[in-house]
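Q: The file below is entry17.cif, mmCIF, C-alpha atoms:
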```
data_input
#
loop_
_atom_site.label_atom_id
_atom_site.label_comp_id
_atom_site.auth_asym_id
_atom_site.auth_seq_id
_atom_site.Cartn_x
_atom_site.Cartn_y
_atom_site.Cartn_z
CA MET A 9 58.14 60.47 -16.63
CA PRO A 10 59.82 62.80 -19.20
CA ASP A 11 58.65 66.46 -19.21
CA SER A 12 57.42 66.01 -22.74
CA VAL A 13 55.23 62.92 -23.10
CA VAL A 14 54.92 63.39 -26.86
CA HIS A 15 57.47 65.27 -28.93
CA LEU A 16 57.24 65.24 -32.73
CA ARG A 17 59.73 67.05 -34.96
CA GLY A 18 58.85 67.51 -38.61
CA VAL A 19 56.99 64.23 -38.76
CA GLY A 20 55.27 63.10 -41.93
CA VAL A 21 53.43 59.92 -42.83
CA ARG A 22 52.84 58.67 -46.36
CA ILE A 23 50.72 55.73 -47.39
CA GLY A 24 51.97 54.79 -50.83
CA ASP A 25 52.54 58.11 -52.58
CA THR A 26 49.81 59.88 -50.64
CA PRO A 27 50.93 62.18 -47.82
CA ILE A 28 48.61 61.73 -44.83
CA LEU A 29 50.56 63.84 -42.31
CA ARG A 30 52.99 66.63 -43.24
CA ASN A 31 55.76 68.28 -41.29
CA LEU A 32 54.14 68.04 -37.85
CA HIS A 33 55.79 69.68 -34.87
CA LEU A 34 53.90 68.83 -31.71
CA SER A 35 54.69 68.62 -28.02
CA VAL A 36 52.39 67.36 -25.29
CA ASP A 37 53.73 67.89 -21.79
CA ALA A 38 53.25 65.71 -18.74
CA GLY A 39 49.93 66.54 -17.07
CA GLU A 40 48.54 68.08 -20.24
CA ALA A 41 45.44 67.18 -22.25
CA VAL A 42 45.12 68.15 -25.90
CA GLY A 43 42.00 68.22 -28.03
CA LEU A 44 42.61 67.21 -31.63
CA ILE A 45 40.09 68.52 -34.12
CA GLY A 46 39.76 68.62 -37.87
CA SER A 47 37.47 67.56 -40.67
CA ASN A 48 37.14 63.97 -41.91
CA GLY A 49 40.31 62.81 -43.62
CA SER A 50 42.47 65.51 -42.05
CA GLY A 51 44.78 62.90 -40.49
CA LYS A 52 43.57 62.78 -36.87
CA THR A 53 43.37 58.99 -36.63
CA THR A 54 46.72 58.58 -38.38
CA LEU A 55 48.29 61.00 -35.90
CA LEU A 56 46.88 59.02 -32.97
CA ARG A 57 48.24 55.76 -34.40
CA LEU A 58 51.62 57.42 -34.94
CA VAL A 59 51.70 58.66 -31.35
CA ALA A 60 50.62 55.16 -30.21
CA THR A 61 53.79 53.90 -32.02
CA LEU A 62 51.60 51.63 -34.16
CA LEU A 63 52.68 53.50 -37.26
CA ALA A 64 56.22 54.57 -38.12
CA PRO A 65 56.86 58.06 -39.51
CA SER A 66 57.90 58.29 -43.16
CA GLU A 67 59.93 61.41 -42.37
CA GLY A 68 60.94 63.41 -39.33
CA ASP A 69 61.48 62.04 -35.85
CA GLY A 70 60.18 62.20 -32.34
CA GLU A 71 59.73 60.53 -28.99
CA VAL A 72 56.77 59.14 -27.10
CA LEU A 73 57.19 58.53 -23.35
CA GLY A 74 60.91 58.94 -23.92
CA ALA A 75 61.16 56.26 -26.63
CA ALA A 76 62.18 57.19 -30.17
CA LEU A 77 59.43 56.58 -32.73
CA ARG A 78 61.79 54.52 -34.86
CA GLY A 79 63.75 52.88 -32.04
CA GLU A 80 63.43 49.46 -30.41
CA GLY A 81 62.33 51.22 -27.20
CA ARG A 82 58.90 51.88 -28.72
CA PHE A 83 57.98 48.24 -28.14
CA ASP A 84 58.63 48.68 -24.42
CA VAL A 85 56.50 51.82 -24.00
CA ARG A 86 53.48 50.46 -25.85
CA ALA A 87 52.07 48.90 -22.70
CA ARG A 88 51.99 52.42 -21.17
CA ILE A 89 49.81 53.77 -23.98
CA GLY A 90 46.03 53.34 -24.00
CA LEU A 91 44.23 53.80 -27.30
CA ILE A 92 40.51 53.67 -27.95
CA GLY A 93 39.93 53.76 -31.68
CA HIS A 94 36.86 54.05 -33.91
CA THR A 95 36.19 50.32 -33.89
CA PRO A 96 35.91 48.42 -30.61
CA SER A 97 38.77 46.01 -30.04
CA LEU A 98 36.65 43.48 -28.14
CA TYR A 99 36.52 39.81 -29.13
CA PRO A 100 32.88 39.35 -30.13
CA ASN A 101 32.52 35.74 -28.93
CA LEU A 102 33.92 36.44 -25.46
CA THR A 103 31.85 37.87 -22.64
CA LEU A 104 32.59 41.36 -21.33
CA GLN A 105 34.20 39.80 -18.26
CA GLU A 106 36.34 37.44 -20.38
CA ASN A 107 37.44 40.30 -22.62
CA LEU A 108 38.63 42.32 -19.64
CA SER A 109 40.14 39.28 -17.89
CA PHE A 110 42.23 38.68 -21.00
CA VAL A 111 43.50 42.26 -20.85
CA ALA A 112 44.09 41.99 -17.09
CA ARG A 113 46.19 38.83 -17.41
CA MET A 114 48.20 40.29 -20.27
CA SER A 115 48.84 43.45 -18.25
CA GLY A 116 49.65 41.77 -14.96
CA VAL A 117 46.55 43.25 -13.30
CA PRO A 118 44.77 41.03 -10.73
CA ASP A 119 41.63 39.38 -12.13
CA ALA A 120 39.71 40.60 -9.09
CA GLU A 121 39.74 44.14 -10.51
CA VAL A 122 37.63 43.15 -13.51
CA PRO A 123 34.21 43.06 -11.76
CA GLU A 124 35.07 46.34 -10.02
CA VAL A 125 35.78 48.26 -13.22
CA LEU A 126 32.75 46.74 -14.94
CA ASP A 127 30.64 48.02 -12.05
CA CYS A 128 32.33 51.43 -12.39
CA VAL A 129 31.24 51.74 -16.02
CA GLY A 130 27.74 50.52 -15.21
CA LEU A 131 28.06 47.11 -16.84
CA GLY A 132 28.25 44.89 -13.75
CA LEU A 133 24.97 43.17 -14.60
CA ALA A 134 25.98 42.60 -18.24
CA ARG A 135 29.33 41.00 -17.47
CA ASN A 136 28.32 37.56 -18.79
CA ARG A 137 26.95 38.89 -22.06
CA THR A 138 29.10 38.35 -25.15
CA ALA A 139 30.50 41.49 -26.75
CA ALA A 140 28.60 40.65 -29.95
CA ALA A 141 25.36 40.94 -28.01
CA CYS A 142 26.17 44.43 -26.70
CA SER A 143 25.45 47.79 -28.27
CA HIS A 144 28.21 50.04 -29.58
CA GLY A 145 27.83 52.26 -26.54
CA MET A 146 28.23 49.32 -24.16
CA GLN A 147 31.33 48.13 -26.02
CA ARG A 148 32.72 51.63 -25.75
CA ARG A 149 32.18 51.54 -21.98
CA VAL A 150 34.12 48.28 -21.79
CA GLU A 151 36.98 50.01 -23.58
CA PHE A 152 36.86 52.74 -20.95
CA ALA A 153 36.89 50.04 -18.26
CA ARG A 154 40.02 48.61 -19.89
CA LEU A 155 41.85 51.91 -19.56
CA MET A 156 40.60 52.39 -15.98
CA MET A 157 42.11 49.00 -15.17
CA THR A 158 45.45 49.31 -16.97
CA LYS A 159 45.99 53.00 -16.05
CA PRO A 160 48.16 53.98 -19.04
CA ASP A 161 50.39 57.06 -18.86
CA LEU A 162 49.29 58.28 -22.28
CA ILE A 163 45.62 58.10 -23.22
CA LEU A 164 44.53 58.46 -26.85
CA LEU A 165 40.81 58.67 -27.53
CA ASP A 166 39.53 58.69 -31.10
CA GLU A 167 36.04 60.16 -31.53
CA ALA A 168 35.79 60.08 -27.75
CA HIS A 169 32.13 61.00 -27.49
CA ALA A 170 30.73 59.18 -30.52
CA GLY A 171 27.53 57.33 -29.61
CA LEU A 172 27.82 57.93 -25.88
CA ASP A 173 25.05 58.83 -23.46
CA PRO A 174 25.76 61.60 -20.87
CA GLN A 175 26.81 59.10 -18.14
CA ALA A 176 29.31 57.43 -20.46
CA ALA A 177 30.57 60.84 -21.55
CA ALA A 178 31.47 61.50 -17.92
CA LEU A 179 33.78 58.48 -18.12
CA VAL A 180 35.82 60.28 -20.79
CA ALA A 181 36.38 63.15 -18.36
CA HIS A 182 37.29 60.66 -15.63
CA LEU A 183 39.88 58.93 -17.85
CA VAL A 184 41.48 62.19 -18.98
CA ALA A 185 41.65 63.49 -15.41
CA GLY A 186 43.16 60.17 -14.26
CA ALA A 187 45.96 60.31 -16.83
CA ARG A 188 46.76 63.92 -15.93
CA SER A 189 46.82 63.21 -12.20
CA ARG A 190 49.30 60.37 -12.78
CA GLY A 191 51.59 62.82 -14.53
CA GLY A 192 50.70 61.42 -17.93
CA ALA A 193 48.90 63.07 -20.82
CA ALA A 194 45.86 62.67 -23.04
CA ILE A 195 45.01 63.41 -26.65
CA VAL A 196 41.30 63.48 -27.36
CA VAL A 197 39.88 63.52 -30.87
CA SER A 198 36.34 64.75 -31.23
CA HIS A 199 34.08 66.54 -33.66
CA GLU A 200 32.23 67.95 -30.66
CA HIS A 201 34.44 70.90 -29.86
CA ALA A 202 32.22 72.16 -27.04
CA ARG A 203 32.11 68.76 -25.31
CA ILE A 204 35.86 68.35 -24.98
CA ALA A 205 36.71 72.01 -24.32
CA PRO A 206 36.33 71.61 -20.53
CA LEU A 207 38.64 68.55 -20.56
CA VAL A 208 41.62 69.88 -22.45
CA ASP A 209 44.26 72.57 -22.08
CA ARG A 210 44.58 73.34 -25.75
CA PHE A 211 43.24 72.50 -29.16
CA VAL A 212 45.28 71.39 -32.15
CA GLU A 213 43.51 71.64 -35.47
CA LEU A 214 44.61 69.49 -38.40
CA THR A 215 43.90 70.46 -41.99
CA ASN A 216 45.05 68.24 -44.84
CA GLY A 217 47.56 66.49 -42.59
CA ALA A 218 49.21 69.65 -41.29
CA ILE A 219 48.69 71.63 -38.10
CA ALA A 220 46.55 74.63 -38.97
CA GLU A 221 46.18 75.95 -35.45
CA ASP A 222 47.52 75.20 -31.97
CA ALA A 223 45.74 77.30 -29.37
CA ARG A 224 45.17 77.23 -25.62
CA THR A 225 41.57 77.00 -24.46
CA SER A 226 40.16 80.07 -22.77
CA SER A 227 39.59 78.17 -19.49
CA MET B 21 54.21 44.08 -14.13
CA ARG B 22 55.81 42.34 -17.09
CA VAL B 23 54.01 39.13 -18.07
CA SER B 24 56.26 36.24 -19.11
CA PHE B 25 56.49 35.02 -22.71
CA TRP B 26 54.91 31.66 -21.92
CA ARG B 27 52.09 33.18 -19.89
CA GLN B 28 51.30 35.45 -22.85
CA ALA B 29 51.33 32.48 -25.24
CA VAL B 30 49.05 30.46 -22.96
CA GLU B 31 46.59 33.34 -22.63
CA ILE B 32 46.47 33.82 -26.40
CA ALA B 33 45.84 30.08 -26.89
CA ARG B 34 43.20 30.03 -24.19
CA LYS B 35 41.42 33.01 -25.71
CA ASP B 36 41.51 31.45 -29.20
CA LEU B 37 40.17 28.12 -27.93
CA ARG B 38 37.40 29.78 -25.96
CA THR B 39 36.42 31.76 -29.07
CA GLU B 40 36.39 28.53 -31.09
CA VAL B 41 34.21 26.79 -28.50
CA ARG B 42 31.66 29.61 -28.85
CA SER B 43 31.78 29.87 -32.65
CA GLY B 44 32.04 26.11 -33.31
CA GLU B 45 33.74 26.65 -36.68
CA VAL B 46 35.91 23.55 -36.40
CA VAL B 47 33.55 21.18 -34.61
CA MET B 48 30.35 22.16 -36.38
CA ILE B 49 31.66 22.87 -39.88
CA THR B 50 35.14 21.54 -40.65
CA VAL B 51 34.84 18.13 -38.94
CA PRO B 52 31.56 17.16 -40.67
CA PHE B 53 32.91 18.30 -44.04
CA GLY B 54 36.14 16.35 -43.45
CA ALA B 55 34.14 13.22 -42.61
CA ALA B 56 32.02 13.72 -45.73
CA ALA B 57 35.17 14.04 -47.85
CA LEU B 58 36.43 10.73 -46.45
CA MET B 59 33.16 9.08 -47.51
CA LEU B 60 33.37 10.22 -51.13
CA VAL B 61 36.15 7.85 -52.19
CA PRO B 62 34.51 4.63 -50.89
CA LEU B 63 31.36 5.71 -52.68
CA ALA B 64 33.35 6.00 -55.92
CA VAL B 65 35.47 2.86 -55.50
CA GLY B 66 32.66 0.64 -54.24
CA THR B 67 33.37 -2.51 -52.25
CA ASP B 68 36.94 -3.14 -53.44
CA ALA B 69 38.23 -3.77 -49.90
CA PRO B 70 41.95 -4.37 -50.75
CA LEU B 71 42.10 -1.18 -52.80
CA LEU B 72 40.34 0.86 -50.09
CA SER B 73 42.69 -0.52 -47.46
CA GLN B 74 45.70 0.45 -49.60
CA ILE B 75 44.62 3.99 -50.40
CA GLY B 76 43.04 4.67 -46.99
CA PRO B 77 46.08 6.26 -45.31
CA GLY B 78 46.75 8.56 -48.27
CA ILE B 79 43.14 9.71 -48.43
CA TYR B 80 43.04 10.25 -44.66
CA TRP B 81 46.15 12.43 -44.64
CA SER B 82 45.06 14.35 -47.74
CA VAL B 83 41.79 15.22 -45.99
CA VAL B 84 43.68 16.20 -42.83
CA MET B 85 46.01 18.47 -44.81
CA LEU B 86 43.33 20.14 -46.94
CA PHE B 87 40.80 20.65 -44.18
CA GLY B 88 43.54 21.33 -41.66
CA VAL B 89 44.39 24.48 -43.57
CA LEU B 90 40.82 25.62 -42.99
CA VAL B 91 41.25 24.98 -39.27
CA THR B 92 44.37 27.13 -39.10
CA VAL B 93 42.85 30.03 -41.06
CA ARG B 94 39.45 29.87 -39.34
CA GLN B 95 37.77 33.23 -38.80
CA SER B 96 38.24 33.09 -35.03
CA ALA B 97 42.02 32.84 -35.49
CA ILE B 98 42.27 36.08 -37.44
CA ASP B 99 42.42 39.38 -35.58
CA ALA B 100 40.65 42.51 -36.76
CA PRO B 101 42.95 45.56 -37.08
CA SER B 102 41.62 46.99 -33.79
CA GLN B 103 42.41 43.70 -32.02
CA ARG B 104 45.92 43.69 -33.50
CA ASP B 105 46.39 47.20 -32.14
CA LEU B 106 45.11 46.11 -28.74
CA LEU B 107 47.57 43.21 -28.55
CA GLY B 108 50.41 45.52 -29.57
CA LEU B 109 49.50 48.08 -26.94
CA LEU B 110 49.15 45.42 -24.25
CA GLY B 111 52.82 44.75 -24.90
CA VAL B 112 52.15 41.21 -26.14
CA ASP B 113 55.32 39.77 -27.66
CA ALA B 114 54.69 39.02 -31.34
CA ALA B 115 56.47 35.68 -30.98
CA ALA B 116 54.30 34.74 -27.97
CA ARG B 117 51.27 35.57 -30.06
CA PHE B 118 52.55 33.29 -32.82
CA VAL B 119 53.27 30.44 -30.40
CA GLY B 120 49.89 30.79 -28.64
CA ARG B 121 47.95 30.94 -31.87
CA ALA B 122 49.82 28.01 -33.42
CA GLY B 123 49.35 26.03 -30.18
CA ALA B 124 45.58 26.58 -30.21
CA SER B 125 45.42 25.58 -33.88
CA ALA B 126 47.51 22.46 -33.19
CA LEU B 127 45.12 21.38 -30.41
CA LEU B 128 42.13 21.84 -32.71
CA LEU B 129 43.91 19.96 -35.49
CA LEU B 130 44.67 17.13 -33.10
CA LEU B 131 40.98 16.95 -32.24
CA PHE B 132 40.17 17.00 -35.96
CA GLU B 133 42.63 14.16 -36.67
CA ALA B 134 41.39 12.12 -33.69
CA VAL B 135 37.76 12.37 -34.76
CA LEU B 136 38.51 11.50 -38.39
CA ALA B 137 40.88 8.59 -37.65
CA PRO B 138 38.13 6.13 -36.53
CA VAL B 139 35.97 7.27 -39.45
CA ALA B 140 38.82 6.42 -41.83
CA LEU B 141 39.43 3.06 -40.14
CA ALA B 142 35.76 2.17 -40.44
CA LEU B 143 35.38 3.30 -44.07
CA TYR B 144 38.65 1.98 -45.47
CA GLY B 145 39.22 -1.06 -43.28
CA THR B 146 42.89 -0.10 -42.90
CA ASP B 147 44.87 -2.49 -40.71
CA PRO B 148 45.39 -0.61 -37.43
CA SER B 149 48.58 -2.52 -36.49
CA GLY B 150 51.27 -0.33 -34.94
CA TRP B 151 48.55 2.23 -34.09
CA TRP B 152 50.49 3.47 -31.07
CA TRP B 153 52.88 5.19 -33.47
CA LEU B 154 49.96 7.40 -34.35
CA LEU B 155 50.22 8.85 -30.84
CA VAL B 156 53.48 10.36 -32.06
CA VAL B 157 52.58 11.07 -35.69
CA LEU B 158 49.20 12.76 -35.10
CA PRO B 159 50.64 15.43 -32.73
CA LEU B 160 53.66 15.99 -35.00
CA VAL B 161 51.42 16.65 -38.00
CA ALA B 162 49.03 18.77 -35.93
CA VAL B 163 51.88 20.92 -34.62
CA GLY B 164 53.45 21.24 -38.09
CA LEU B 165 50.19 22.24 -39.75
CA GLY B 166 49.33 24.60 -36.87
CA LEU B 167 52.69 26.35 -37.25
CA LEU B 168 52.47 26.42 -41.03
CA GLY B 169 48.91 27.80 -41.11
CA THR B 170 49.68 30.47 -38.52
CA LEU B 171 52.83 31.53 -40.35
CA ALA B 172 50.96 31.66 -43.68
CA SER B 173 48.17 33.72 -42.10
CA SER B 174 50.71 36.19 -40.70
CA ILE B 175 52.41 36.55 -44.09
CA ALA B 176 49.05 36.96 -45.85
CA SER B 177 47.94 39.60 -43.31
CA SER B 178 51.16 41.54 -43.75
CA ILE B 179 50.53 41.86 -47.48
CA ALA B 180 46.75 42.13 -47.02
CA SER B 181 45.95 39.15 -49.25
CA SER B 182 44.33 36.16 -47.59
CA THR B 183 44.01 34.44 -50.96
CA LEU B 184 47.73 33.70 -50.77
CA VAL B 185 47.34 31.37 -47.77
CA PRO B 186 46.75 28.16 -49.80
CA LEU B 187 49.63 29.06 -52.13
CA ILE B 188 51.98 29.34 -49.15
CA VAL B 189 50.63 26.35 -47.24
CA VAL B 190 50.24 23.70 -49.92
CA PRO B 191 53.86 23.40 -51.14
CA LEU B 192 55.17 23.32 -47.58
CA ALA B 193 52.51 20.85 -46.48
CA VAL B 194 53.47 18.35 -49.18
CA PRO B 195 56.53 16.94 -47.32
CA MET B 196 54.37 16.53 -44.21
CA LEU B 197 51.64 14.80 -46.18
CA LEU B 198 54.23 12.52 -47.76
CA ALA B 199 55.89 11.70 -44.44
CA ALA B 200 52.61 11.01 -42.63
CA THR B 201 51.35 8.80 -45.44
CA GLN B 202 54.64 6.89 -45.67
CA ILE B 203 54.68 6.33 -41.92
CA THR B 204 51.13 4.92 -41.93
CA GLU B 205 51.95 2.78 -44.96
CA GLY B 206 55.23 1.69 -43.36
CA LEU B 207 53.34 0.50 -40.29
CA ARG B 208 50.97 -1.46 -42.53
CA ILE B 209 53.72 -3.30 -44.43
CA ASP B 210 56.17 -3.35 -41.51
CA ALA B 211 58.80 -1.08 -43.14
CA THR B 212 61.12 1.34 -41.35
CA ILE B 213 59.56 4.72 -40.57
CA LEU B 214 62.32 6.53 -38.68
CA GLY B 215 63.47 8.61 -41.66
CA TRP B 216 59.96 9.91 -42.26
CA LEU B 217 59.46 10.60 -38.55
CA LEU B 218 62.68 12.58 -38.57
CA LEU B 219 61.40 14.61 -41.54
CA LEU B 220 58.27 15.54 -39.58
CA VAL B 221 60.32 16.59 -36.55
CA VAL B 222 62.68 18.70 -38.69
CA MET B 223 59.75 20.34 -40.50
CA ASP B 224 58.13 21.25 -37.16
CA LEU B 225 61.37 22.71 -35.81
CA LEU B 226 62.07 24.74 -38.96
CA LEU B 227 58.53 26.15 -39.01
CA ALA B 228 58.71 27.02 -35.30
CA VAL B 229 62.01 28.87 -35.74
CA ALA B 230 60.78 30.66 -38.89
CA GLY B 231 57.53 31.66 -37.20
CA VAL B 232 59.14 32.99 -34.03
CA LEU B 233 61.87 34.92 -35.88
CA SER B 234 59.50 36.47 -38.41
CA ALA B 235 56.71 37.28 -35.93
CA ARG B 236 57.72 40.82 -35.07
CA PRO B 237 58.71 41.98 -38.59
CA LEU B 238 55.45 40.56 -39.96
CA GLN B 239 53.44 42.18 -37.18
CA GLU B 240 54.99 45.58 -37.81
CA THR B 241 54.52 45.28 -41.58
CA THR B 242 50.85 44.46 -41.05
CA ARG B 243 50.29 47.81 -39.35
#
```
Could you render the structure from this file as structure tokens?
A:
Amino acid sequence: MPDSVVHLRGVGVRIGDTPILRNLHLSVDAGEAVGLIGSNGSGKTTLLRLVATLLAPSEGDGEVLGAALRGEGRFDVRARIGLIGHTPSLYPNLTLQENLSFVARMSGVPDAEVPEVLDCVGLGLARNRTAAACSHGMQRRVEFARLMMTKPDLILLDEAHAGLDPQAAALVAHLVAGARSRGGAAIVVSHEHARIAPLVDRFVELTNGAIAEDARTSS
Amino acid sequence: MRVSFWRQAVEIARKDLRTEVRSGEVVMITVPFGAAALMLVPLAVGTDAPLLSQIGPGIYWSVVMLFGVLVTVRQSAIDAPSQRDLLGLLGVDAAARFVGRAGASALLLLLFEAVLAPVALALYGTDPSGWWWLLVVLPLVAVGLGLLGTLASSIASSIASSTLVPLIVVPLAVPMLLAATQITEGLRIDATILGWLLLLVVMDLLLAVAGVLSARPLQETTR
């Protein structure tokens, strides 16, 4: 694992003529967790997608897990990145178990782990329910189960606590701690500053696509 | 652990087919509409049996082509942006995704063709001599249309315009429609069909190569 899991140098992203991210310099070290805050439209989700290598920078350069953001190596590191976005990525017509089995087979994880992780997130009894028949909170738990199963080195959580009950919120802490203990890193986006403060080492605040503040938490 | 290309393709196909079984888009919607379309011409022509027998193969293949496009662009075959991201981050090879998706569509198209073929025989009274050639022609057309529809969907997604799918599919489907119709007609009048069969094979190969080679660039453009 490289010392710096994420290293961005003067990165910018434009969609059409509109600049979404501007001249970002950001490093996230191995074992570190960063809270990403900012108002709506400040570029948090775009930054997560950039770090996930799903979006190429329009300017600047950088590396994620040692792979250049513009290089062919980014395709190889993607399987080591776990992203949970705003919208659940579940297939609505598949059951929770089938959704996770699909992920397990694609990741080379034994199928036997699927019931275990569903139990861990409190959905063991709902495993045969289709995703379409589950609430947003339940779908979110399945996404957490996915990351518990695939154990990515870099965890990216967008609006980590949105719509979660206190038990599910504890899963966020568990995932972040897991990534750090493996020598990986985590970036957690949330509007609930107080809720993620205990999980992260520092906060990065985005304003209009640029870093307005990068400060260590008091703890 | 790295999962092989073919295992990825099989898992994608399996997931697509399972989704289709649950949603029933093809079996419950497209097949009945296809059968209804086949019935329209006999209703218009009446009881002119020789004419029906002559135009039967052309009508059958036209219905397969037109409704086949709907099979390949069915809702369950199109990923939401979050699902596209998931597949990317699972390290799924874009070409394996193309092959798996096209394979699932080809199987559904084969089912569609197989269900409609007896309906066409019954309605049009087409002479079924040389029917065993259909065991070759039906899969070739199903594979070709599956590849074409999947490729067209990928292109349309990359430019965020699903309305372009018919414009991409129809011109490329015409040689397949022509070949399939000529083969069926050739069997009826005992003419040579090898040239048309070869055209179908070449079309399938070209579409497979184009789909596999363009899979990653199209996937990255879509993001």
Q: Let me make sure I understand: among B:Gly76, B:Leu90, B:Ala29, B:Asp68, which one has the smallest atom-to-atom distance to B:Ile49 if we use all atoms listed in the file?
A: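 With all atoms listed in the file as the atom set, the closest residue is B:Leu90.
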Q: Need to verify the contact set: B:Leu160, 9 Å, only C-alpha atoms, exclusion of same-chain residues closer than 4 positions in sequence. Can you return it as a list of chain:residue names?
A: B:Leu155, B:Val156, B:Gly164, B:Leu165, B:Leu217, B:Leu220, B:Val221, B:Asp224
Q: Could you tell me, as a list in words, exactly which residues end up selected when the PyMOL selection byres ((chain B) within 8 of (chain A)) is applied to this structure?
A: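 Written out, the selection comes to Met21, Arg22, Val23, Gln28, Glu31, Lys35, Arg38, Thr39, Arg42, Ser43, Ala100, Ser102, Gln103, Asp105, Leu106, Gly108, Leu109, Leu110, Gly111, Val112, Glu240 and Arg243 of chain B.
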Q: Would you output that residue set with C-alpha atoms, as a tab-separated table (two decimals), in the frame of the given file?
A:
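After the write, result15.tsv holds the following:
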```
chain	number	residue	atom	x	y	z
B	21	MET	CA	54.21	44.08	-14.13
B	22	ARG	CA	55.81	42.34	-17.09
B	23	VAL	CA	54.01	39.13	-18.07
B	28	GLN	CA	51.30	35.45	-22.85
B	31	GLU	CA	46.59	33.34	-22.63
B	35	LYS	CA	41.42	33.01	-25.71
B	38	ARG	CA	37.40	29.78	-25.96
B	39	THR	CA	36.42	31.76	-29.07
B	42	ARG	CA	31.66	29.61	-28.85
B	43	SER	CA	31.78	29.87	-32.65
B	100	ALA	CA	40.65	42.51	-36.76
B	102	SER	CA	41.62	46.99	-33.79
B	103	GLN	CA	42.41	43.70	-32.02
B	105	ASP	CA	46.39	47.20	-32.14
B	106	LEU	CA	45.11	46.11	-28.74
B	108	GLY	CA	50.41	45.52	-29.57
B	109	LEU	CA	49.50	48.08	-26.94
B	110	LEU	CA	49.15	45.42	-24.25
B	111	GLY	CA	52.82	44.75	-24.90
B	112	VAL	CA	52.15	41.21	-26.14
B	240	GLU	CA	54.99	45.58	-37.81
B	243	ARG	CA	50.29	47.81	-39.35
```
Q: Would you write out, as a PyMOL selection string, every residue that the PyMOL selection byres ((chain B and resi 201) around 12) captures in this file?
A: chain B and resi 74-85+154+157-158+161+194-200+202-208+213+216-217+220
Q: Please indicate the distance in Å from atom CA of B:Leu72 to atom CA of B:Tyr144, rounded to one decimal place.
A: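 Atom CA of B:Leu72 sits 5.0 Å away from atom CA of B:Tyr144.
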Q: Please, what distance in Å, to one decimal, runs between atom CA of A:Leu183 and atom CA of A:Ser12?
A: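 The value is 19.5 Å.
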Q: So which residues touch A:Ala168 within 10 Å, counting all atoms listed in the file, skipping near sequence neighbours fewer than 6 positions away, as a PyMOL selection string?
A: chain A and resi 92-94+148+177+179-181+195-200+203-204
Q: Around the point (58.1, 63.4, -28.9) (coordinates from the file), which residues reach within 10 Å if we count all atoms listed in the file? Answer as a list in words.
A: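 These residues have at least one counted atom within 10 Å: Pro10, Ser12, Val13, Val14, His15, Leu16, Arg17, Val19, His33, Leu34, Ser35, Val36, Asp37, Val59, Asp69, Gly70, Glu71, Val72, Leu73, Gly74, Ala75, Ala76 and Leu77 of chain A.
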Q: Could you check which residues have any atom within 8 Å of (49.3, 68.0, -21.8), counting all atoms listed in the file with coordinates taken straight from the file, and then list them as a list in words?
A: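 Here is the list of nearby residues: Val13, Val36, Asp37, Ala38, Gly39, Glu40, Ala41, Val42, Arg188, Gly192, Ala193, Ala194, Ile195, Val208 and Asp209 of chain A.
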Q: What residues come out when you apply the PyMOL selection byres ((chain B and resi 118-120) around 9) to this file, written as a list of chain:residue names?
A: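 Evaluating the PyMOL selection byres ((chain B and resi 118-120) around 9) on this file yields B:Trp26, B:Gln28, B:Ala29, B:Val30, B:Glu31, B:Ile32, B:Ala33, B:Arg34, B:Asp36, B:Asp113, B:Ala114, B:Ala115, B:Ala116, B:Arg117, B:Arg121, B:Ala122, B:Gly123, B:Ala124, B:Ser125, B:Leu167, B:Thr170, B:Leu171, B:Ser174, B:Ala228, B:Gly231, B:Val232, B:Ala235.
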Q: What does the distance from atom CA of B:Gly145 to atom CA of B:Leu129 come to in Å, to one decimal?
A: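 These two atoms are separated by 22.9 Å.
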Q: Restricting the calculation to only C-alpha atoms: of A:Ala205, A:Val122, A:Leu58, A:Ala218, which residue gets closest to A:Leu29?
A: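 For A:Leu29, the nearest of the given residues is A:Ala218.
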Q: List the spatial neighbours of A:Glu221 as a list of chain:residue names - criterion: any atom at most 8 Å away, only C-alpha atoms, same-chain residues fewer than 2 positions off excluded.
A: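 The residues that qualify are A:Phe211, A:Val212, A:Glu213, A:Leu214, A:Ile219, A:Ala223.
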Q: Just the selected residues (C-alpha atoms), exported as a JSON list (two decimals), in the frame of the given file, please.
A:
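So out_8.json came out as:
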```json
[["chain", "number", "residue", "atom", "x", "y", "z"],
["A", 211, "PHE", "CA", 43.24, 72.50, -29.16],
["A", 212, "VAL", "CA", 45.28, 71.39, -32.15],
["A", 213, "GLU", "CA", 43.51, 71.64, -35.47],
["A", 214, "LEU", "CA", 44.61, 69.49, -38.40],
["A", 219, "ILE", "CA", 48.69, 71.63, -38.10],
["A", 223, "ALA", "CA", 45.74, 77.30, -29.37]]
```
Q: Output as lines of an AutoDock Vina configuration file the centre and edge lengths (Å, one decimal) of the box along x, y and z of the file that holds every listed atom of stretch 207-210 of chain A after adding 3 Å on each side.
A:
```
center_x = 41.6
center_y = 70.9
center_z = -23.2
size_x = 11.9
size_y = 10.8
size_z = 11.2
```
Q: Contacts of stretch 176-178 of chain B at 12 Å or less, counting only C-alpha atoms, minus same-chain residues fewer than 2 places along, as number ranges by chain?
A: B: 93, 97-101, 104, 169-174, 180-189, 234-243
